[in-house]
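Data file: work_8.txt. Format and content: compact mmCIF, N, CA and C atoms and all ligand atoms.
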```txt
# COMPACT_ATOMS: atom_id res chain seq x y z
N MET A 1 -59.96 -8.30 17.03
CA MET A 1 -59.45 -8.36 18.43
C MET A 1 -60.51 -7.75 19.36
N ASN A 2 -60.80 -8.44 20.44
CA ASN A 2 -61.71 -7.88 21.44
C ASN A 2 -60.97 -7.63 22.75
N ALA A 3 -61.70 -7.21 23.76
CA ALA A 3 -61.06 -6.82 25.01
C ALA A 3 -60.33 -7.99 25.68
N ASP A 4 -60.90 -9.21 25.52
CA ASP A 4 -60.25 -10.37 26.13
C ASP A 4 -58.91 -10.66 25.48
N ASP A 5 -58.90 -10.53 24.13
CA ASP A 5 -57.63 -10.73 23.41
C ASP A 5 -56.59 -9.75 23.92
N LEU A 6 -57.03 -8.51 24.08
CA LEU A 6 -56.10 -7.47 24.52
C LEU A 6 -55.54 -7.79 25.91
N ASP A 7 -56.46 -8.22 26.81
CA ASP A 7 -56.01 -8.58 28.16
C ASP A 7 -54.96 -9.68 28.11
N GLU A 8 -55.25 -10.66 27.25
CA GLU A 8 -54.34 -11.80 27.13
C GLU A 8 -52.98 -11.34 26.62
N LEU A 9 -53.04 -10.46 25.60
CA LEU A 9 -51.81 -9.94 25.01
C LEU A 9 -50.99 -9.19 26.07
N LEU A 10 -51.68 -8.34 26.83
CA LEU A 10 -50.99 -7.56 27.85
C LEU A 10 -50.41 -8.46 28.93
N ALA A 11 -51.14 -9.53 29.24
CA ALA A 11 -50.68 -10.45 30.28
C ALA A 11 -49.40 -11.16 29.85
N ARG A 12 -49.23 -11.32 28.54
CA ARG A 12 -48.04 -12.02 28.06
C ARG A 12 -46.81 -11.12 27.99
N LEU A 13 -47.03 -9.80 28.03
CA LEU A 13 -45.89 -8.90 28.02
C LEU A 13 -45.11 -9.04 29.32
N PRO A 14 -43.79 -8.87 29.26
CA PRO A 14 -43.03 -8.97 30.51
C PRO A 14 -43.48 -7.87 31.48
N LYS A 15 -43.69 -8.25 32.71
CA LYS A 15 -44.15 -7.27 33.71
C LYS A 15 -42.94 -6.68 34.44
N LYS A 16 -43.06 -5.44 34.75
CA LYS A 16 -42.01 -4.81 35.55
C LYS A 16 -42.36 -4.99 37.02
N THR A 17 -41.35 -5.22 37.80
CA THR A 17 -41.57 -5.30 39.24
C THR A 17 -41.71 -3.87 39.76
N PRO A 18 -42.38 -3.73 40.93
CA PRO A 18 -42.49 -2.38 41.52
C PRO A 18 -41.11 -1.74 41.70
N ARG A 19 -40.14 -2.58 42.02
CA ARG A 19 -38.78 -2.08 42.23
C ARG A 19 -38.23 -1.46 40.93
N GLU A 20 -38.46 -2.14 39.79
CA GLU A 20 -37.99 -1.63 38.50
C GLU A 20 -38.68 -0.31 38.15
N VAL A 21 -39.99 -0.27 38.42
CA VAL A 21 -40.75 0.96 38.13
C VAL A 21 -40.20 2.09 38.99
N PHE A 22 -39.97 1.79 40.26
CA PHE A 22 -39.45 2.81 41.18
C PHE A 22 -38.08 3.31 40.71
N ASP A 23 -37.20 2.37 40.33
CA ASP A 23 -35.86 2.75 39.87
C ASP A 23 -35.93 3.64 38.64
N GLU A 24 -36.87 3.33 37.74
CA GLU A 24 -37.01 4.15 36.53
C GLU A 24 -37.45 5.57 36.88
N LEU A 25 -38.44 5.66 37.76
CA LEU A 25 -38.94 6.98 38.16
C LEU A 25 -37.84 7.77 38.86
N GLU A 26 -37.12 7.08 39.71
CA GLU A 26 -36.05 7.73 40.47
C GLU A 26 -34.95 8.23 39.53
N ALA A 27 -34.60 7.42 38.52
CA ALA A 27 -33.59 7.82 37.55
C ALA A 27 -34.06 9.03 36.75
N ALA A 28 -35.35 9.05 36.37
CA ALA A 28 -35.89 10.18 35.62
C ALA A 28 -35.88 11.44 36.47
N ARG A 29 -36.22 11.27 37.76
CA ARG A 29 -36.24 12.43 38.66
C ARG A 29 -34.83 13.01 38.84
N ARG A 30 -33.87 12.12 39.01
CA ARG A 30 -32.49 12.58 39.19
C ARG A 30 -31.97 13.26 37.92
N ALA A 31 -32.33 12.71 36.75
CA ALA A 31 -31.90 13.32 35.47
C ALA A 31 -32.49 14.73 35.35
N ALA A 32 -33.76 14.87 35.77
CA ALA A 32 -34.41 16.18 35.66
C ALA A 32 -33.71 17.19 36.59
N GLU A 33 -33.32 16.72 37.77
CA GLU A 33 -32.64 17.60 38.73
C GLU A 33 -31.27 18.04 38.22
N ALA A 34 -30.59 17.08 37.53
CA ALA A 34 -29.24 17.35 37.08
C ALA A 34 -29.21 18.21 35.83
N ALA A 35 -30.34 18.30 35.12
CA ALA A 35 -30.38 19.07 33.88
C ALA A 35 -30.07 20.54 34.18
N PRO A 36 -29.31 21.18 33.30
CA PRO A 36 -28.99 22.58 33.55
C PRO A 36 -30.25 23.45 33.45
N PRO A 37 -30.30 24.54 34.18
CA PRO A 37 -31.47 25.43 34.07
C PRO A 37 -31.51 26.02 32.67
N PRO A 38 -32.70 26.40 32.18
CA PRO A 38 -32.77 26.97 30.84
C PRO A 38 -31.92 28.22 30.75
N GLU A 39 -31.31 28.40 29.62
CA GLU A 39 -30.44 29.54 29.38
C GLU A 39 -31.22 30.84 29.61
N PRO A 40 -30.68 31.74 30.42
CA PRO A 40 -31.41 32.98 30.64
C PRO A 40 -31.48 33.76 29.33
N SER A 41 -32.58 34.39 29.08
CA SER A 41 -32.73 35.09 27.81
C SER A 41 -33.46 36.40 28.04
N ILE A 42 -33.10 37.38 27.23
CA ILE A 42 -33.78 38.66 27.32
C ILE A 42 -34.97 38.69 26.37
N ILE A 43 -35.20 37.57 25.68
CA ILE A 43 -36.27 37.56 24.67
C ILE A 43 -37.63 37.37 25.34
N PRO A 44 -38.55 38.33 25.13
CA PRO A 44 -39.89 38.17 25.71
C PRO A 44 -40.73 37.18 24.90
N MET A 45 -41.87 36.77 25.43
CA MET A 45 -42.78 35.91 24.69
C MET A 45 -43.34 36.70 23.51
N PRO A 46 -43.40 36.08 22.33
CA PRO A 46 -43.90 36.82 21.16
C PRO A 46 -45.42 36.86 21.09
N ASP A 47 -45.93 37.86 20.36
CA ASP A 47 -47.34 37.90 19.96
C ASP A 47 -47.40 37.49 18.49
N TYR A 48 -48.60 37.12 18.05
CA TYR A 48 -48.82 36.80 16.64
C TYR A 48 -49.85 37.78 16.10
N PRO A 49 -49.40 39.01 15.70
CA PRO A 49 -50.36 40.08 15.41
C PRO A 49 -51.18 39.86 14.15
N TYR A 50 -50.80 38.98 13.26
CA TYR A 50 -51.52 38.84 12.00
C TYR A 50 -52.32 37.55 11.91
N GLY A 51 -52.43 36.81 13.00
CA GLY A 51 -53.24 35.60 12.97
C GLY A 51 -52.63 34.53 12.09
N LEU A 52 -53.48 33.61 11.63
CA LEU A 52 -52.98 32.42 10.95
C LEU A 52 -53.13 32.46 9.43
N ARG A 53 -53.81 33.49 8.90
CA ARG A 53 -54.02 33.55 7.46
C ARG A 53 -53.43 34.81 6.89
N GLY A 54 -53.15 34.77 5.60
CA GLY A 54 -52.64 35.95 4.92
C GLY A 54 -51.14 35.91 4.81
N PRO A 55 -50.61 36.84 3.99
CA PRO A 55 -49.17 36.80 3.68
C PRO A 55 -48.28 37.04 4.91
N LEU A 56 -48.82 37.69 5.92
CA LEU A 56 -47.99 37.98 7.09
C LEU A 56 -48.24 37.00 8.23
N SER A 57 -49.06 35.97 7.98
CA SER A 57 -49.34 35.01 9.05
C SER A 57 -48.04 34.34 9.48
N GLY A 58 -47.99 33.98 10.72
CA GLY A 58 -46.77 33.36 11.24
C GLY A 58 -45.77 34.37 11.74
N THR A 59 -46.08 35.66 11.55
CA THR A 59 -45.16 36.69 12.04
C THR A 59 -45.16 36.69 13.56
N MET A 60 -43.98 36.66 14.12
CA MET A 60 -43.83 36.73 15.57
C MET A 60 -43.39 38.14 15.92
N ARG A 61 -44.11 38.76 16.85
CA ARG A 61 -43.77 40.12 17.26
C ARG A 61 -43.23 40.11 18.68
N PHE A 62 -41.97 40.56 18.79
CA PHE A 62 -41.32 40.65 20.10
C PHE A 62 -41.38 42.12 20.53
N SER A 63 -42.22 42.41 21.52
CA SER A 63 -42.41 43.79 21.95
C SER A 63 -41.40 44.14 23.02
N CYS A 64 -41.12 45.43 23.14
CA CYS A 64 -40.21 45.91 24.17
C CYS A 64 -40.71 45.49 25.55
N PRO A 65 -39.84 44.85 26.37
CA PRO A 65 -40.28 44.43 27.71
C PRO A 65 -40.71 45.62 28.58
N LEU A 66 -40.32 46.84 28.20
CA LEU A 66 -40.72 48.01 28.99
C LEU A 66 -41.99 48.64 28.43
N SER A 67 -42.62 47.99 27.45
CA SER A 67 -43.90 48.43 26.89
C SER A 67 -43.87 49.85 26.34
N CYS A 68 -42.77 50.23 25.69
CA CYS A 68 -42.68 51.57 25.14
C CYS A 68 -43.31 51.66 23.75
N GLY A 69 -43.72 50.54 23.19
CA GLY A 69 -44.34 50.56 21.88
C GLY A 69 -43.43 50.02 20.78
N TRP A 70 -42.15 49.91 21.06
CA TRP A 70 -41.23 49.36 20.07
C TRP A 70 -41.46 47.85 19.95
N TYR A 71 -41.19 47.32 18.76
CA TYR A 71 -41.25 45.87 18.60
C TYR A 71 -40.34 45.44 17.47
N HIS A 72 -40.04 44.16 17.47
CA HIS A 72 -39.23 43.55 16.41
C HIS A 72 -40.02 42.38 15.86
N ASP A 73 -40.27 42.38 14.55
CA ASP A 73 -41.01 41.28 13.91
C ASP A 73 -40.06 40.29 13.27
N GLU A 74 -40.42 39.03 13.40
CA GLU A 74 -39.68 37.95 12.73
C GLU A 74 -40.71 37.04 12.07
N ASN A 75 -40.41 36.56 10.89
CA ASN A 75 -41.28 35.56 10.29
C ASN A 75 -40.45 34.37 9.82
N PRO A 76 -40.42 33.32 10.66
CA PRO A 76 -39.56 32.16 10.34
C PRO A 76 -39.87 31.56 8.97
N SER A 77 -41.14 31.66 8.50
CA SER A 77 -41.46 31.01 7.22
C SER A 77 -40.92 31.82 6.04
N HIS A 78 -40.53 33.07 6.25
CA HIS A 78 -39.96 33.87 5.16
C HIS A 78 -38.44 33.88 5.19
N GLU A 79 -37.91 33.17 6.17
CA GLU A 79 -36.46 33.16 6.35
C GLU A 79 -35.80 32.31 5.26
N PRO A 80 -34.67 32.75 4.71
CA PRO A 80 -33.99 31.87 3.75
C PRO A 80 -33.50 30.60 4.43
N LEU A 81 -33.53 29.51 3.71
CA LEU A 81 -33.15 28.23 4.31
C LEU A 81 -31.66 28.11 4.54
N GLY A 82 -30.88 28.91 3.83
CA GLY A 82 -29.44 28.78 3.97
C GLY A 82 -28.94 27.56 3.20
N THR A 83 -27.66 27.34 3.27
CA THR A 83 -27.07 26.24 2.52
C THR A 83 -27.11 24.98 3.36
N PHE A 84 -27.63 23.94 2.80
CA PHE A 84 -27.61 22.66 3.49
C PHE A 84 -26.84 21.67 2.63
N VAL A 85 -25.78 21.14 3.19
CA VAL A 85 -24.96 20.18 2.46
C VAL A 85 -25.41 18.77 2.85
N VAL A 86 -25.91 18.03 1.89
CA VAL A 86 -26.35 16.66 2.15
C VAL A 86 -25.11 15.78 2.31
N PRO A 87 -25.00 15.13 3.47
CA PRO A 87 -23.79 14.30 3.70
C PRO A 87 -23.80 13.08 2.79
N LEU A 88 -22.61 12.62 2.41
CA LEU A 88 -22.48 11.44 1.54
C LEU A 88 -22.95 10.18 2.27
N ASP A 89 -22.69 10.14 3.56
CA ASP A 89 -23.09 8.99 4.36
C ASP A 89 -24.54 9.19 4.81
N PRO A 90 -25.48 8.36 4.30
CA PRO A 90 -26.88 8.56 4.66
C PRO A 90 -27.13 8.46 6.16
N ALA A 91 -26.29 7.72 6.87
CA ALA A 91 -26.46 7.57 8.31
C ALA A 91 -26.26 8.90 9.03
N LYS A 92 -25.59 9.82 8.36
CA LYS A 92 -25.31 11.10 9.00
C LYS A 92 -26.34 12.17 8.64
N LEU A 93 -27.37 11.78 7.85
CA LEU A 93 -28.35 12.77 7.39
C LEU A 93 -29.09 13.41 8.55
N ASN A 94 -29.56 12.56 9.47
CA ASN A 94 -30.31 13.08 10.61
C ASN A 94 -29.49 14.08 11.42
N GLU A 95 -28.26 13.69 11.67
CA GLU A 95 -27.33 14.53 12.41
C GLU A 95 -27.15 15.88 11.71
N ALA A 96 -26.97 15.80 10.38
CA ALA A 96 -26.74 17.02 9.59
C ALA A 96 -27.98 17.91 9.61
N LEU A 97 -29.17 17.30 9.51
CA LEU A 97 -30.42 18.07 9.54
C LEU A 97 -30.58 18.75 10.90
N THR A 98 -30.27 18.02 11.96
CA THR A 98 -30.39 18.58 13.30
C THR A 98 -29.43 19.75 13.48
N ALA A 99 -28.18 19.58 13.04
CA ALA A 99 -27.20 20.64 13.17
C ALA A 99 -27.63 21.88 12.37
N HIS A 100 -28.19 21.63 11.18
CA HIS A 100 -28.65 22.74 10.34
C HIS A 100 -29.79 23.50 11.02
N ALA A 101 -30.75 22.74 11.58
CA ALA A 101 -31.89 23.36 12.26
C ALA A 101 -31.41 24.14 13.48
N GLU A 102 -30.46 23.58 14.21
CA GLU A 102 -29.94 24.27 15.40
C GLU A 102 -29.23 25.57 15.02
N ALA A 103 -28.47 25.52 13.93
CA ALA A 103 -27.76 26.72 13.48
C ALA A 103 -28.76 27.82 13.09
N ARG A 104 -29.84 27.41 12.41
CA ARG A 104 -30.87 28.39 12.01
C ARG A 104 -31.55 28.97 13.25
N HIS A 105 -31.84 28.10 14.21
CA HIS A 105 -32.49 28.57 15.43
C HIS A 105 -31.58 29.54 16.19
N GLU A 106 -30.31 29.21 16.23
CA GLU A 106 -29.34 30.06 16.92
C GLU A 106 -29.27 31.44 16.24
N ALA A 107 -29.25 31.46 14.91
CA ALA A 107 -29.21 32.73 14.17
C ALA A 107 -30.47 33.55 14.45
N PHE A 108 -31.61 32.86 14.49
CA PHE A 108 -32.91 33.48 14.77
C PHE A 108 -32.89 34.14 16.16
N ARG A 109 -32.43 33.39 17.16
CA ARG A 109 -32.34 33.89 18.54
C ARG A 109 -31.40 35.09 18.60
N GLN A 110 -30.27 34.94 17.90
CA GLN A 110 -29.26 36.01 17.92
C GLN A 110 -29.81 37.30 17.32
N ARG A 111 -30.57 37.20 16.22
CA ARG A 111 -31.15 38.39 15.58
C ARG A 111 -32.08 39.13 16.54
N ILE A 112 -32.92 38.36 17.24
CA ILE A 112 -33.89 38.98 18.14
C ILE A 112 -33.15 39.63 19.31
N GLU A 113 -32.17 38.91 19.86
CA GLU A 113 -31.42 39.47 21.00
C GLU A 113 -30.70 40.75 20.59
N THR A 114 -30.10 40.73 19.39
CA THR A 114 -29.39 41.92 18.91
C THR A 114 -30.37 43.08 18.74
N ALA A 115 -31.54 42.81 18.15
CA ALA A 115 -32.53 43.87 17.94
C ALA A 115 -32.95 44.48 19.28
N ILE A 116 -33.19 43.62 20.28
CA ILE A 116 -33.64 44.11 21.59
C ILE A 116 -32.50 44.88 22.28
N THR A 117 -31.29 44.34 22.20
CA THR A 117 -30.15 45.02 22.83
C THR A 117 -29.93 46.39 22.20
N ASP A 118 -29.99 46.46 20.84
CA ASP A 118 -29.83 47.74 20.15
C ASP A 118 -30.92 48.72 20.57
N HIS A 119 -32.15 48.21 20.66
CA HIS A 119 -33.26 49.08 21.05
C HIS A 119 -33.03 49.64 22.46
N PHE A 120 -32.58 48.79 23.38
CA PHE A 120 -32.32 49.26 24.75
C PHE A 120 -31.22 50.30 24.76
N ASP A 121 -30.16 50.06 23.96
CA ASP A 121 -29.07 51.03 23.89
C ASP A 121 -29.57 52.39 23.44
N GLN A 122 -30.48 52.38 22.46
CA GLN A 122 -30.95 53.63 21.88
C GLN A 122 -32.06 54.28 22.70
N ALA A 123 -33.04 53.49 23.13
CA ALA A 123 -34.24 54.07 23.76
C ALA A 123 -34.21 54.04 25.28
N HIS A 124 -33.54 53.07 25.85
CA HIS A 124 -33.54 52.93 27.32
C HIS A 124 -32.12 52.75 27.81
N PRO A 125 -31.22 53.69 27.53
CA PRO A 125 -29.84 53.46 27.94
C PRO A 125 -29.74 53.27 29.45
N GLY A 126 -28.93 52.32 29.86
CA GLY A 126 -28.74 52.08 31.28
C GLY A 126 -29.76 51.15 31.89
N ARG A 127 -30.78 50.69 31.13
CA ARG A 127 -31.76 49.80 31.72
C ARG A 127 -31.38 48.34 31.55
ZN ZN B 1 -38.52 50.08 24.62
```

Is it possible to give me this structure as structure tokens?
Ligand SMILES: [Zn+2]
Amino acid sequence: MNADDLDELLARLPKKTPREVFDELEAARRAAEAAPPPEPSIIPMPDYPYGLRGPLSGTMRFSCPLSCGWYHDENPSHEPLGTFVVPLDPAKLNEALTAHAEARHEAFRQRIETAITDHFDQAHPGR
């Protein structure tokens, strides 16, 4: 295939009218506006203190937002996978995998939030 073939191929594809393109952009813009704002979180951005190699690589360090020196480490790759029940209906596999991943992510978020909340209760009461 050369450039002329490609041009010909593209020319044969159905073309969108400017109106259709505009409607698509407008629909995308409205969807973005209607989307809920991201859930507020007390979780700060993590650091990766051990880099990419070694047994502790992948460790995420969540430091105290008040920079007191406290931190909470999490390593998602060392986390137990938990129980995953393979659905009998193969069509539901994707759904089940997504639900499982979401549950793990939720537990992960909850652990970090609890650690930070406990730290604030102990070290920075009232903040
Ligand atoms: Zn602190």

Closest atom pairs, chain A residues within 8 Å of ligand ZN 1 (chain B), all atoms listed in the file, as CSV:
```
residue,atom,partner,partner_atom,distance
A:Ser63,C,B:ZN1,ZN,6.8
A:Cys64,CA,B:ZN1,ZN,4.5
A:Pro65,N,B:ZN1,ZN,5.7
A:Leu66,N,B:ZN1,ZN,5.2
A:Ser67,N,B:ZN1,ZN,5.4
A:Cys68,N,B:ZN1,ZN,4.4
A:Gly69,N,B:ZN1,ZN,5.4
A:Trp70,N,B:ZN1,ZN,5.1
A:Tyr71,N,B:ZN1,ZN,7.0
A:His119,C,B:ZN1,ZN,5.9
A:Phe120,N,B:ZN1,ZN,6.2
A:Gln122,C,B:ZN1,ZN,7.9
A:Ala123,C,B:ZN1,ZN,5.9
A:His124,N,B:ZN1,ZN,5.9
```

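Taking CA of Thr59 (chain A) and atom N of Phe84 (chain A) as the two end points, the separation is 23.6 Å.
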
Review point. Expressed in Å to a single decimal, how great is the separation between CA of Val86 (chain A) and atom C of Glu106 (chain A)?
Key: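 A separation of 20.6 Å between them.
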
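For the atom pair formed by CA of Arg19 (chain A) and CA of Glu33 (chain A), the distance is 20.9 Å, given to one decimal.
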
Practice item. Write out as a ChimeraX atom specification all residues of region 27-123 of chain A that DSSP puts in helix (DSSP H, G or I) for this structure's backbone. Key: /A:27-34,76-78,90-123

Exercise for review: Would you kindly return, as an NGL selection string, each protein, DNA or RNA residue with an atom no farther than 10 Å from any atom of Tyr50 (chain A), considering only C-alpha atoms and excluding same-chain residues fewer than 6 positions away?
Suggested key: :A and (56-61)

**Study point:** Residue nearest Ile116 (chain A) among A:Ala32, A:Ala96, A:Val85, A:Ile42 (counting all atoms listed in the file)
**Key:**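 Among A:Ala32, A:Ala96, A:Val85, A:Ile42, it is A:Ile42 that comes nearest to Ile116 (chain A).
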